[in-house]
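Engineer: You'll find upload_3.cif just under this line, and it carries mmCIF, C-alpha atoms.
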```
data_query
loop_
_atom_site.label_atom_id
_atom_site.label_comp_id
_atom_site.auth_asym_id
_atom_site.auth_seq_id
_atom_site.Cartn_x
_atom_site.Cartn_y
_atom_site.Cartn_z
CA MET C 1 29.23 -19.96 2.56
CA LYS C 2 25.83 -20.78 1.18
CA ALA C 3 22.52 -20.38 2.93
CA ARG C 4 18.89 -20.78 2.11
CA VAL C 5 16.21 -18.47 3.49
CA LEU C 6 12.62 -19.68 3.47
CA VAL C 7 9.88 -17.11 3.81
CA THR C 8 6.36 -18.38 4.39
CA LEU C 9 3.03 -16.83 5.28
CA LYS C 10 2.04 -17.06 8.91
CA SER C 11 -0.49 -19.81 9.46
CA ALA C 12 -3.27 -17.36 10.31
CA VAL C 13 -2.87 -15.53 6.98
CA LEU C 14 -5.06 -16.66 4.12
CA ASP C 15 -3.04 -17.83 1.09
CA PRO C 16 -5.25 -17.60 -2.01
CA GLN C 17 -2.37 -18.64 -4.29
CA GLY C 18 -1.73 -21.77 -2.25
CA LYS C 19 -5.45 -22.53 -2.32
CA ALA C 20 -5.52 -22.18 -6.13
CA ILE C 21 -2.51 -24.51 -6.48
CA GLU C 22 -4.15 -26.97 -4.09
CA GLY C 23 -7.29 -26.92 -6.25
CA ALA C 24 -5.25 -27.42 -9.44
CA LEU C 25 -3.44 -30.42 -7.96
CA ARG C 26 -6.77 -31.89 -6.95
CA SER C 27 -8.19 -31.40 -10.42
CA LEU C 28 -5.08 -33.06 -11.89
CA GLY C 29 -5.89 -36.09 -9.77
CA VAL C 30 -2.68 -35.97 -7.71
CA PRO C 31 -3.70 -38.05 -4.68
CA GLY C 32 -3.21 -37.46 -0.97
CA ILE C 33 -2.68 -33.70 -0.86
CA ALA C 34 -4.28 -32.18 2.21
CA SER C 35 -3.27 -28.56 1.68
CA VAL C 36 -0.72 -26.32 -0.07
CA ARG C 37 0.79 -23.05 1.11
CA GLN C 38 3.09 -21.08 -1.15
CA GLY C 39 6.30 -19.45 0.04
CA LYS C 40 9.58 -18.02 -1.21
CA VAL C 41 13.11 -19.39 -1.26
CA PHE C 42 16.23 -17.21 -1.35
CA ASP C 43 19.59 -18.85 -2.00
CA VAL C 44 22.23 -16.55 -0.59
CA GLU C 45 26.01 -16.69 -0.87
CA LEU C 46 27.83 -15.05 1.99
CA ASP C 47 31.37 -13.76 2.46
CA GLY C 48 33.48 -15.40 5.16
CA THR C 49 33.10 -18.64 7.10
CA ASP C 50 31.73 -17.50 10.46
CA LYS C 51 28.34 -19.17 10.72
CA ASP C 52 27.09 -17.07 13.66
CA LYS C 53 27.99 -13.89 11.86
CA ALA C 54 26.30 -15.15 8.69
CA GLU C 55 23.17 -16.02 10.62
CA ALA C 56 23.08 -12.54 12.17
CA THR C 57 23.51 -10.99 8.72
CA LEU C 58 20.69 -13.06 7.26
CA LYS C 59 18.40 -12.31 10.18
CA ASP C 60 19.03 -8.63 9.58
CA ALA C 61 18.31 -9.10 5.86
CA CYS C 62 15.04 -10.85 6.66
CA GLU C 63 13.88 -8.23 9.13
CA LYS C 64 14.84 -5.36 6.82
CA LEU C 65 13.65 -6.68 3.48
CA LEU C 66 13.20 -10.36 2.70
CA ALA C 67 10.17 -10.92 4.92
CA ASN C 68 7.27 -8.71 5.88
CA THR C 69 6.89 -9.84 9.45
CA VAL C 70 3.31 -8.56 9.57
CA ILE C 71 2.26 -11.59 7.53
CA GLU C 72 5.37 -13.72 7.02
CA THR C 73 7.85 -15.76 9.01
CA TYR C 74 11.33 -16.81 7.91
CA ARG C 75 13.72 -19.67 8.48
CA ILE C 76 17.44 -19.73 7.78
CA GLU C 77 19.21 -22.94 6.72
CA PHE C 78 22.87 -23.44 5.92
CA VAL C 79 23.57 -25.50 2.84
CA GLY C 80 26.49 -27.91 2.52
CA MET A 1 0.63 23.99 -2.39
CA LYS A 2 4.13 22.73 -3.11
CA ALA A 3 3.80 19.10 -4.04
CA ALA A 4 6.46 16.51 -4.77
CA VAL A 5 5.58 13.35 -6.67
CA ILE A 6 8.10 10.58 -6.08
CA LEU A 7 9.07 8.61 -9.16
CA PHE A 8 10.24 5.03 -8.74
CA PRO A 9 11.27 2.72 -11.58
CA GLY A 10 7.92 1.22 -12.60
CA SER A 11 5.66 4.00 -11.28
CA ASN A 12 3.06 4.77 -13.91
CA ARG A 13 0.45 7.08 -12.38
CA GLU A 14 2.77 9.99 -11.66
CA GLY A 15 1.41 11.81 -14.74
CA ASP A 16 -2.19 11.35 -13.61
CA VAL A 17 -1.50 12.66 -10.14
CA ALA A 18 0.59 15.57 -11.46
CA HIS A 19 -2.28 16.44 -13.82
CA ALA A 20 -4.77 16.46 -10.95
CA ILE A 21 -2.52 18.65 -8.79
CA ARG A 22 -1.84 21.04 -11.67
CA GLN A 23 -5.53 21.29 -12.53
CA ILE A 24 -6.70 21.88 -8.98
CA THR A 25 -3.90 24.00 -7.51
CA GLY A 26 -2.58 25.64 -10.66
CA VAL A 27 0.93 24.76 -9.48
CA GLU A 28 3.15 22.24 -11.21
CA PRO A 29 4.36 19.56 -8.77
CA ALA A 30 8.03 18.62 -8.61
CA VAL A 31 8.83 15.12 -9.78
CA VAL A 32 11.45 13.67 -7.45
CA TRP A 33 13.59 10.67 -8.37
CA HIS A 34 13.69 7.81 -5.85
CA ALA A 35 17.49 7.92 -5.56
CA ASP A 36 17.46 11.55 -4.40
CA THR A 37 17.95 12.06 -0.71
CA GLU A 38 16.12 15.35 -0.21
CA LEU A 39 12.72 16.77 -1.04
CA PRO A 40 12.59 20.21 -2.67
CA ALA A 41 12.72 22.93 0.01
CA GLY A 42 9.29 23.90 1.26
CA THR A 43 7.50 20.73 0.11
CA ASP A 44 3.99 20.63 1.64
CA LEU A 45 2.73 17.39 0.14
CA VAL A 46 4.50 14.21 -0.92
CA VAL A 47 2.66 11.88 -3.27
CA LEU A 48 3.63 8.26 -3.81
CA PRO A 49 1.88 7.44 -7.08
CA GLY A 50 0.43 4.21 -8.37
CA GLY A 51 2.17 1.74 -10.63
CA PHE A 52 4.34 -1.31 -10.32
CA SER A 53 7.51 -0.03 -8.70
CA TYR A 54 10.36 -2.49 -9.26
CA GLY A 55 7.95 -4.75 -11.11
CA ASP A 56 6.30 -5.71 -7.80
CA TYR A 57 9.38 -7.90 -7.20
CA LEU A 58 9.63 -9.54 -3.76
CA ARG A 59 6.38 -7.91 -2.51
CA CYS A 60 4.44 -4.94 -3.85
CA GLY A 61 6.15 -1.75 -2.71
CA ALA A 62 8.80 -3.61 -0.72
CA ILE A 63 11.83 -2.38 -2.62
CA ALA A 64 10.50 1.14 -3.20
CA ALA A 65 9.88 1.43 0.55
CA ARG A 66 13.65 1.05 1.07
CA ALA A 67 14.62 3.66 -1.58
CA ALA A 68 16.93 6.51 -0.60
CA ILE A 69 14.22 9.19 -0.82
CA MET A 70 12.05 7.37 1.74
CA ASP A 71 14.13 8.67 4.67
CA ALA A 72 13.25 12.19 3.56
CA VAL A 73 9.59 11.17 3.18
CA ARG A 74 9.65 9.69 6.70
CA ALA A 75 11.17 12.89 8.08
CA HIS A 76 8.54 14.96 6.24
CA ALA A 77 5.78 12.82 7.75
CA ALA A 78 7.34 13.07 11.21
CA ARG A 79 7.26 16.88 10.89
CA GLY A 80 3.52 16.61 10.23
CA GLY A 81 3.83 17.11 6.46
CA LEU A 82 1.13 15.63 4.25
CA VAL A 83 1.82 12.32 2.51
CA LEU A 84 -0.60 10.72 0.06
CA GLY A 85 -0.03 7.20 -1.23
CA VAL A 86 -2.33 5.87 -3.92
CA CYS A 87 -2.47 2.20 -4.95
CA ASN A 88 1.20 1.16 -5.20
CA GLY A 89 1.84 4.27 -3.08
CA PHE A 90 -0.36 2.78 -0.33
CA GLN A 91 1.56 -0.50 -0.60
CA ILE A 92 4.83 1.44 -0.27
CA LEU A 93 3.54 3.32 2.81
CA CYS A 94 2.64 0.01 4.49
CA GLU A 95 5.98 -1.57 3.57
CA SER A 96 7.86 1.48 4.87
CA GLY A 97 6.10 1.34 8.22
CA LEU A 98 4.45 4.76 7.76
CA LEU A 99 1.09 2.99 7.87
CA PRO A 100 0.28 -0.30 9.60
CA GLY A 101 -0.76 -3.54 7.90
CA VAL A 102 -0.06 -4.82 4.42
CA LEU A 103 -1.79 -5.21 1.05
CA VAL A 104 -1.93 -8.83 -0.10
CA ARG A 105 -3.22 -10.63 -3.18
CA ASN A 106 -6.90 -10.01 -3.95
CA ALA A 107 -9.00 -12.72 -2.33
CA ARG A 108 -10.20 -14.06 -5.68
CA LEU A 109 -6.72 -13.73 -7.22
CA ARG A 110 -7.88 -11.55 -10.09
CA PHE A 111 -6.64 -8.14 -11.07
CA ILE A 112 -9.56 -5.77 -10.53
CA CYS A 113 -9.99 -2.79 -12.84
CA ARG A 114 -13.33 -1.08 -12.31
CA GLU A 115 -15.08 1.63 -10.37
CA ALA A 116 -15.50 1.17 -6.65
CA LEU A 117 -17.95 2.80 -4.29
CA LEU A 118 -16.39 4.19 -1.16
CA LYS A 119 -17.81 5.68 1.97
CA VAL A 120 -16.02 8.68 3.45
CA GLU A 121 -15.93 7.66 7.11
CA ARG A 122 -14.73 10.96 8.48
CA ASN A 123 -14.30 14.47 7.15
CA ASP A 124 -12.08 15.91 9.87
CA THR A 125 -8.84 14.92 8.15
CA PRO A 126 -6.64 17.07 5.87
CA PHE A 127 -7.69 14.82 2.98
CA THR A 128 -11.46 14.72 3.37
CA SER A 129 -12.66 18.04 4.82
CA ARG A 130 -14.44 18.93 1.57
CA TYR A 131 -16.56 15.76 1.66
CA ALA A 132 -19.70 15.29 3.71
CA ARG A 133 -19.23 12.73 6.47
CA GLY A 134 -20.72 9.45 5.28
CA ALA A 135 -20.73 10.55 1.63
CA VAL A 136 -20.43 7.74 -0.92
CA VAL A 137 -17.95 8.49 -3.71
CA ARG A 138 -16.91 6.65 -6.83
CA PHE A 139 -13.19 6.15 -7.56
CA PRO A 140 -11.68 3.62 -9.95
CA VAL A 141 -9.52 0.78 -8.65
CA ALA A 142 -6.87 -1.04 -10.66
CA HIS A 143 -4.94 -3.53 -8.57
CA GLY A 144 -4.03 -7.17 -8.11
CA GLU A 145 -2.95 -6.79 -4.51
CA GLY A 146 -5.30 -4.45 -2.70
CA ASN A 147 -6.55 -6.83 -0.06
CA TYR A 148 -5.80 -5.00 3.18
CA ALA A 149 -4.61 -7.28 5.96
CA ALA A 150 -3.44 -6.67 9.50
CA ASP A 151 -3.47 -8.62 12.74
CA ALA A 152 -6.54 -8.43 14.98
CA ASP A 153 -4.93 -5.99 17.42
CA THR A 154 -3.96 -3.60 14.64
CA LEU A 155 -7.45 -3.71 13.14
CA LYS A 156 -8.96 -3.08 16.54
CA ARG A 157 -6.64 -0.12 17.11
CA LEU A 158 -7.36 1.35 13.65
CA GLU A 159 -11.10 1.09 14.22
CA GLY A 160 -10.85 2.36 17.80
CA GLU A 161 -8.89 5.41 16.70
CA GLY A 162 -11.17 6.03 13.73
CA ARG A 163 -8.34 5.72 11.26
CA VAL A 164 -10.29 4.02 8.48
CA VAL A 165 -11.13 6.96 6.23
CA PHE A 166 -12.38 5.19 3.10
CA ARG A 167 -14.34 1.94 3.14
CA TYR A 168 -15.70 -0.13 0.24
CA VAL A 169 -19.50 -0.18 0.30
CA MET A 170 -22.37 -1.76 -1.61
CA PRO A 171 -24.48 0.31 -4.06
CA ASP A 172 -26.90 1.11 -1.22
CA GLY A 173 -24.06 2.55 0.84
CA ARG A 174 -24.07 -0.36 3.25
CA ARG A 175 -20.85 -2.06 4.27
CA ASP A 176 -20.69 -5.81 3.66
CA ASP A 177 -17.39 -7.38 4.71
CA THR A 178 -18.34 -10.64 2.97
CA GLN A 179 -18.61 -9.00 -0.44
CA VAL A 180 -15.59 -6.71 -0.57
CA LEU A 181 -14.26 -6.63 -4.14
CA ASN A 182 -10.70 -7.52 -3.11
CA GLY A 183 -11.32 -9.22 0.23
CA ALA A 184 -9.95 -6.34 2.36
CA ALA A 185 -10.36 -6.73 6.11
CA ASN A 186 -13.21 -4.60 7.50
CA SER A 187 -13.85 -3.33 3.93
CA ILE A 188 -10.81 -1.06 4.33
CA ALA A 189 -9.94 0.99 1.23
CA GLY A 190 -7.91 3.75 2.88
CA ILE A 191 -6.38 4.55 6.28
CA VAL A 192 -4.59 7.47 7.89
CA SER A 193 -1.66 7.66 10.27
CA GLU A 194 -2.09 8.45 13.95
CA LYS A 195 -1.54 12.17 13.36
CA LEU A 196 -3.90 12.07 10.34
CA ASN A 197 -1.24 13.50 8.01
CA VAL A 198 -0.46 10.33 6.03
CA LEU A 199 -3.20 8.78 3.89
CA GLY A 200 -2.91 5.56 1.92
CA LEU A 201 -5.71 4.27 -0.27
CA MET A 202 -6.03 1.71 -3.05
CA PRO A 203 -8.58 3.56 -5.28
CA HIS A 204 -7.48 6.41 -7.55
CA PRO A 205 -8.96 9.84 -6.68
CA GLU A 206 -6.56 11.47 -9.16
CA ASN A 207 -8.48 9.84 -12.01
CA GLN A 208 -11.76 11.50 -11.05
CA VAL A 209 -10.97 15.18 -11.25
CA ASP A 210 -12.08 15.94 -14.79
CA PRO A 211 -15.74 15.88 -15.97
CA LEU A 212 -14.43 14.34 -19.20
CA LEU A 213 -13.87 11.11 -17.26
CA GLY A 214 -17.41 10.93 -15.98
CA SER A 215 -17.00 11.99 -12.37
CA THR A 216 -15.21 14.62 -10.34
CA ASP A 217 -15.54 12.85 -7.00
CA GLY A 218 -11.76 12.95 -6.53
CA ARG A 219 -11.42 16.73 -6.71
CA ALA A 220 -12.53 17.30 -3.13
CA LEU A 221 -9.62 15.20 -1.85
CA PHE A 222 -7.11 17.55 -3.48
CA GLU A 223 -9.12 20.65 -2.52
CA SER A 224 -9.20 19.43 1.09
CA MET A 225 -5.39 19.26 1.14
CA VAL A 226 -5.18 22.80 -0.26
CA ASP A 227 -7.53 23.98 2.52
CA ALA A 228 -5.52 22.15 5.17
CA LEU A 229 -2.28 23.77 4.02
CA GLU A 230 -3.84 27.23 3.92
CA ARG A 231 -4.99 26.84 7.48
CA VAL A 232 -1.44 26.14 8.71
#
```
Spit out the file's structure as structure tokens when you get a sec.

Structural biologist:
Amino acid sequence: MKARVLVTLKSAVLDPQGKAIEGALRSLGVPGIASVRQGKVFDVELDGTDKDKAEATLKDACEKLLANTVIETYRIEFVG
Amino acid sequence: MKAAVILFPGSNREGDVAHAIRQITGVEPAVVWHADTELPAGTDLVVLPGGFSYGDYLRCGAIAARAAIMDAVRAHAARGGLVLGVCNGFQILCESGLLPGVLVRNARLRFICREALLKVERNDTPFTSRYARGAVVRFPVAHGEGNYAADADTLKRLEGEGRVVFRYVMPDGRRDDTQVLNGAANSIAGIVSEKLNVLGLMPHPENQVDPLLGSTDGRALFESMVDALERV
């Protein structure tokens, strides 16, 4: 089973990297971009086919390591 | 003082901190590998040195904070043992939950390598007893992610409990939260745990112990720890 974990900064946390990217896009003349926030994507392959179990495993992985919940939130998506 | 310096893959200031400890205490610290599960018997002080453990992968200090030795470090801290985390060591302490908050990318995105002026906010901790309260000291900083961040409640609690020990200040000794070199909340450079026995700070006191390097402002931090351990 394949899953994708998205880790993003909480909205209240300043994202200087996102701001820099936003500025670069603006200077490139890419139109219509209101704001950019940078995050991380983890593509994870899991053993077994039990989706609930996989979700619990990934939640555990996020809480223990993948996200720092002081500043980040995470979202789990199943692929395919 | 029996000190243990923890070595992670990518640590690079362990030699500096060992040199400072050797010079000030006359005792060679043990260097402990991250995969070990126990500290040497009778360890008084654990140091998490600066560097780029695990190449700063995922988040600074995130992987080191989950290393095998960290359970022993946590137990040492819970017993009231001294723990000092400098730079990457501070990041590891935050990631491991031994200190609150997190160090994020410097506000202006640049790696900062220069001297910083710091105010010693309190001198009743095991790390600062040899400083005058309110003294301004000069330690170098060398970091890309030293911008201390925490939620409003945590900041309020830290301030309320007087747990900010080192704060970045202007040349006149005044604090200016709008001009902090790395953007740190409340000009925070270093904080202690609730029981005052765990200190994390971004600047490097271990690099200011020898007159050859222009300042010995860092010596008092190590001498304070020696005093604290003698009092026990």

Engineer: Atom CA of A:Leu158 and atom CA of A:Ile188 are how many Å apart?

Structural biologist: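 Separation of atom CA of A:Leu158 and atom CA of A:Ile188: 10.2 Å.
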
Engineer: Given the point (8.7, 3.6, -0.5) in the coordinates of this file, which residues lie within 8 Å, counting all atoms listed in the file, and how would they look as an MDAnalysis selection string?

Structural biologist: chainID A and resid 48 61:67 69:70 89 92:93 95:96

Engineer: Give me, as a Markdown table, the closest atom pair and its distance (Å, one decimal) for every residue of chain A within a cut-off of 9 Å of chain C, counting all atoms listed in the file, rows sorted by chain and rising number.

Structural biologist:
```
| residue | atom | partner | partner_atom | distance |
| --- | --- | --- | --- | --- |
| A:Leu58 | CA | C:Leu66 | CA | 7.4 |
| A:Arg59 | CA | C:Asn68 | CA | 8.5 |
| A:Ala62 | CA | C:Leu65 | CA | 7.1 |
| A:Ile63 | CA | C:Leu65 | CA | 7.7 |
| A:Arg66 | CA | C:Leu65 | CA | 8.1 |
| A:Glu95 | CA | C:Asn68 | CA | 7.6 |
| A:Pro100 | CA | C:Val70 | CA | 8.8 |
| A:Gly101 | CA | C:Val70 | CA | 6.7 |
| A:Val102 | CA | C:Val70 | CA | 7.2 |
| A:Arg105 | CA | C:Pro16 | CA | 7.4 |
| A:Asn106 | CA | C:Pro16 | CA | 8.0 |
| A:Ala107 | CA | C:Pro16 | CA | 6.2 |
| A:Arg108 | CA | C:Pro16 | CA | 7.1 |
| A:Leu109 | CA | C:Pro16 | CA | 6.7 |
| A:Ala149 | CA | C:Ile71 | CA | 8.3 |
| A:Ala150 | CA | C:Val70 | CA | 7.0 |
| A:Asp151 | CA | C:Val70 | CA | 7.5 |
```

Engineer: Please evaluate the PyMOL selection byres ((chain C and resi 42-56) around 7) against the displayed coordinates and give the resulting residues as a list in words.

Structural biologist: Met1, Lys2, Ala3, Arg4, Val5, Leu6, Lys40, Val41, Thr57, Leu58, Lys59 and Asp60 of chain C

Engineer: Enumerate, as a CSV table (one decimal) with C-alpha atoms, in the coordinates of the input, the residues matched when the PyMOL selection byres ((chain A and resi 17-19) around 8) is run on the file above.

Structural biologist:
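selection.csv written:
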```csv
chain,number,residue,atom,x,y,z
A,5,VAL,CA,5.6,13.4,-6.7
A,13,ARG,CA,0.4,7.1,-12.4
A,14,GLU,CA,2.8,10.0,-11.7
A,15,GLY,CA,1.4,11.8,-14.7
A,16,ASP,CA,-2.2,11.4,-13.6
A,20,ALA,CA,-4.8,16.5,-11.0
A,21,ILE,CA,-2.5,18.6,-8.8
A,22,ARG,CA,-1.8,21.0,-11.7
A,23,GLN,CA,-5.5,21.3,-12.5
A,28,GLU,CA,3.2,22.2,-11.2
A,29,PRO,CA,4.4,19.6,-8.8
A,49,PRO,CA,1.9,7.4,-7.1
A,206,GLU,CA,-6.6,11.5,-9.2
A,207,ASN,CA,-8.5,9.8,-12.0
```

Engineer: For C:Ile21, which residue out of C:Cys62, C:Leu9, C:Ile33, C:Ile76 is the nearest one, using all atoms listed in the file?

Structural biologist: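 With all atoms listed in the file as the atom set, the closest residue is C:Ile33.
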
Engineer: Just want the 9 Å neighbourhood of A:Leu117, counted on only C-alpha atoms, with same-chain residues fewer than 6 positions away dropped. Output as a list of chain:residue names.

Structural biologist: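 My reading of the contact set: A:Val136, A:Val137, A:Arg138, A:Phe139, A:Pro140, A:Arg167, A:Tyr168, A:Val169, A:Met170, A:Pro171, A:Gly173.
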
Engineer: Using atom CA of A:Asn147 and atom CA of A:Asn182 as the two end points, give the distance in Å to one decimal.

Structural biologist: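 Between atom CA of A:Asn147 and atom CA of A:Asn182 the gap is 5.2 Å.
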
Engineer: Report as a short mmCIF file (atom, residue, chain, number, x, y, z; two decimals) with C-alpha atoms, in the coordinates of the input the residues that result from applying the PyMOL selection byres ((chain A and resi 72) around 12) to the structure here.

Structural biologist:
```cif
data_model
loop_
_atom_site.label_atom_id
_atom_site.label_comp_id
_atom_site.auth_asym_id
_atom_site.auth_seq_id
_atom_site.Cartn_x
_atom_site.Cartn_y
_atom_site.Cartn_z
CA ALA A 4 6.46 16.51 -4.77
CA ILE A 6 8.10 10.58 -6.08
CA VAL A 32 11.45 13.67 -7.45
CA HIS A 34 13.69 7.81 -5.85
CA ALA A 35 17.49 7.92 -5.56
CA ASP A 36 17.46 11.55 -4.40
CA THR A 37 17.95 12.06 -0.71
CA GLU A 38 16.12 15.35 -0.21
CA LEU A 39 12.72 16.77 -1.04
CA PRO A 40 12.59 20.21 -2.67
CA ALA A 41 12.72 22.93 0.01
CA THR A 43 7.50 20.73 0.11
CA VAL A 46 4.50 14.21 -0.92
CA ALA A 65 9.88 1.43 0.55
CA ARG A 66 13.65 1.05 1.07
CA ALA A 67 14.62 3.66 -1.58
CA ALA A 68 16.93 6.51 -0.60
CA ILE A 69 14.22 9.19 -0.82
CA MET A 70 12.05 7.37 1.74
CA ASP A 71 14.13 8.67 4.67
CA VAL A 73 9.59 11.17 3.18
CA ARG A 74 9.65 9.69 6.70
CA ALA A 75 11.17 12.89 8.08
CA HIS A 76 8.54 14.96 6.24
CA ALA A 77 5.78 12.82 7.75
CA ALA A 78 7.34 13.07 11.21
CA ARG A 79 7.26 16.88 10.89
CA GLY A 81 3.83 17.11 6.46
CA VAL A 83 1.82 12.32 2.51
#
```

Engineer: Tell me, in Å to one decimal, how far atom CA of C:Lys10 is from atom CA of A:Leu199.

Structural biologist: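 Taking atom CA of C:Lys10 and atom CA of A:Leu199, their separation equals 26.8 Å.
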
Engineer: If you count all atoms listed in the file, which residues fall within 9 Å of A:Ile24, apart from same-chain ones fewer than 6 positions away, as a list in words?

Structural biologist: Val209, Arg219, Phe222, Glu223 and Val226 of chain A

Engineer: List the neighbours of C:Ala34 out to 12 Å using all atoms listed in the file; skip same-chain residues closer than 6 positions along the sequence, and give me the result as a ChimeraX atom specification.

Structural biologist: /C:18-19,21-23,25-26

Engineer: Give me stretch 87-108 of chain A with N, CA and C atoms filled in, as an mmCIF file, in the frame of the given file.

Structural biologist:
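Saved to rebuild.cif:
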```cif
data_model
loop_
_atom_site.group_PDB
_atom_site.id
_atom_site.type_symbol
_atom_site.label_atom_id
_atom_site.label_comp_id
_atom_site.auth_asym_id
_atom_site.auth_seq_id
_atom_site.Cartn_x
_atom_site.Cartn_y
_atom_site.Cartn_z
ATOM 1 N N CYS A 87 -2.689 3.496 -4.305
ATOM 2 C CA CYS A 87 -2.470 2.200 -4.950
ATOM 3 C C CYS A 87 -1.072 1.672 -4.601
ATOM 4 N N ASN A 88 -0.154 1.596 -5.531
ATOM 5 C CA ASN A 88 1.200 1.160 -5.200
ATOM 6 C C ASN A 88 1.796 2.076 -4.124
ATOM 7 N N GLY A 89 1.387 3.336 -4.124
ATOM 8 C CA GLY A 89 1.840 4.270 -3.080
ATOM 9 C C GLY A 89 1.380 3.844 -1.696
ATOM 10 N N PHE A 90 0.164 3.308 -1.601
ATOM 11 C CA PHE A 90 -0.360 2.780 -0.330
ATOM 12 C C PHE A 90 0.462 1.560 0.080
ATOM 13 N N GLN A 91 0.748 0.688 -0.898
ATOM 14 C CA GLN A 91 1.560 -0.500 -0.600
ATOM 15 C C GLN A 91 2.938 -0.086 -0.086
ATOM 16 N N ILE A 92 3.510 0.956 -0.692
ATOM 17 C CA ILE A 92 4.830 1.440 -0.270
ATOM 18 C C ILE A 92 4.763 2.000 1.151
ATOM 19 N N LEU A 93 3.687 2.748 1.460
ATOM 20 C CA LEU A 93 3.540 3.320 2.810
ATOM 21 C C LEU A 93 3.456 2.210 3.858
ATOM 22 N N CYS A 94 2.739 1.131 3.536
ATOM 23 C CA CYS A 94 2.640 0.010 4.490
ATOM 24 C C CYS A 94 3.995 -0.683 4.638
ATOM 25 N N GLU A 95 4.678 -0.909 3.525
ATOM 26 C CA GLU A 95 5.980 -1.570 3.570
ATOM 27 C C GLU A 95 7.022 -0.717 4.303
ATOM 28 N N SER A 96 6.865 0.601 4.246
ATOM 29 C CA SER A 96 7.860 1.480 4.870
ATOM 30 C C SER A 96 7.573 1.687 6.344
ATOM 31 N N GLY A 97 6.434 1.185 6.808
ATOM 32 C CA GLY A 97 6.100 1.340 8.220
ATOM 33 C C GLY A 97 5.402 2.662 8.527
ATOM 34 N N LEU A 98 5.150 3.491 7.512
ATOM 35 C CA LEU A 98 4.450 4.760 7.760
ATOM 36 C C LEU A 98 2.974 4.515 8.051
ATOM 37 N N LEU A 99 2.454 3.411 7.534
ATOM 38 C CA LEU A 99 1.090 2.990 7.870
ATOM 39 C C LEU A 99 1.148 1.520 8.282
ATOM 40 N N PRO A 100 0.255 1.084 9.164
ATOM 41 C CA PRO A 100 0.280 -0.300 9.600
ATOM 42 C C PRO A 100 -0.372 -1.245 8.596
ATOM 43 N N GLY A 101 -0.107 -2.542 8.747
ATOM 44 C CA GLY A 101 -0.760 -3.540 7.900
ATOM 45 C C GLY A 101 -0.019 -3.764 6.602
ATOM 46 N N VAL A 102 -0.686 -4.459 5.691
ATOM 47 C CA VAL A 102 -0.060 -4.820 4.420
ATOM 48 C C VAL A 102 -1.157 -5.102 3.398
ATOM 49 N N LEU A 103 -0.838 -4.898 2.119
ATOM 50 C CA LEU A 103 -1.790 -5.210 1.050
ATOM 51 C C LEU A 103 -1.372 -6.532 0.431
ATOM 52 N N VAL A 104 -2.256 -7.515 0.463
ATOM 53 C CA VAL A 104 -1.930 -8.830 -0.100
ATOM 54 C C VAL A 104 -2.795 -9.097 -1.330
ATOM 55 N N ARG A 105 -2.546 -10.240 -1.956
ATOM 56 C CA ARG A 105 -3.220 -10.630 -3.180
ATOM 57 C C ARG A 105 -4.745 -10.576 -3.004
ATOM 58 N N ASN A 106 -5.439 -10.051 -4.001
ATOM 59 C CA ASN A 106 -6.900 -10.010 -3.950
ATOM 60 C C ASN A 106 -7.446 -11.396 -3.639
ATOM 61 N N ALA A 107 -8.502 -11.437 -2.828
ATOM 62 C CA ALA A 107 -9.000 -12.720 -2.330
ATOM 63 C C ALA A 107 -9.333 -13.687 -3.470
ATOM 64 N N ARG A 108 -9.860 -13.141 -4.583
ATOM 65 C CA ARG A 108 -10.200 -14.060 -5.680
ATOM 66 C C ARG A 108 -9.113 -14.100 -6.755
#
```
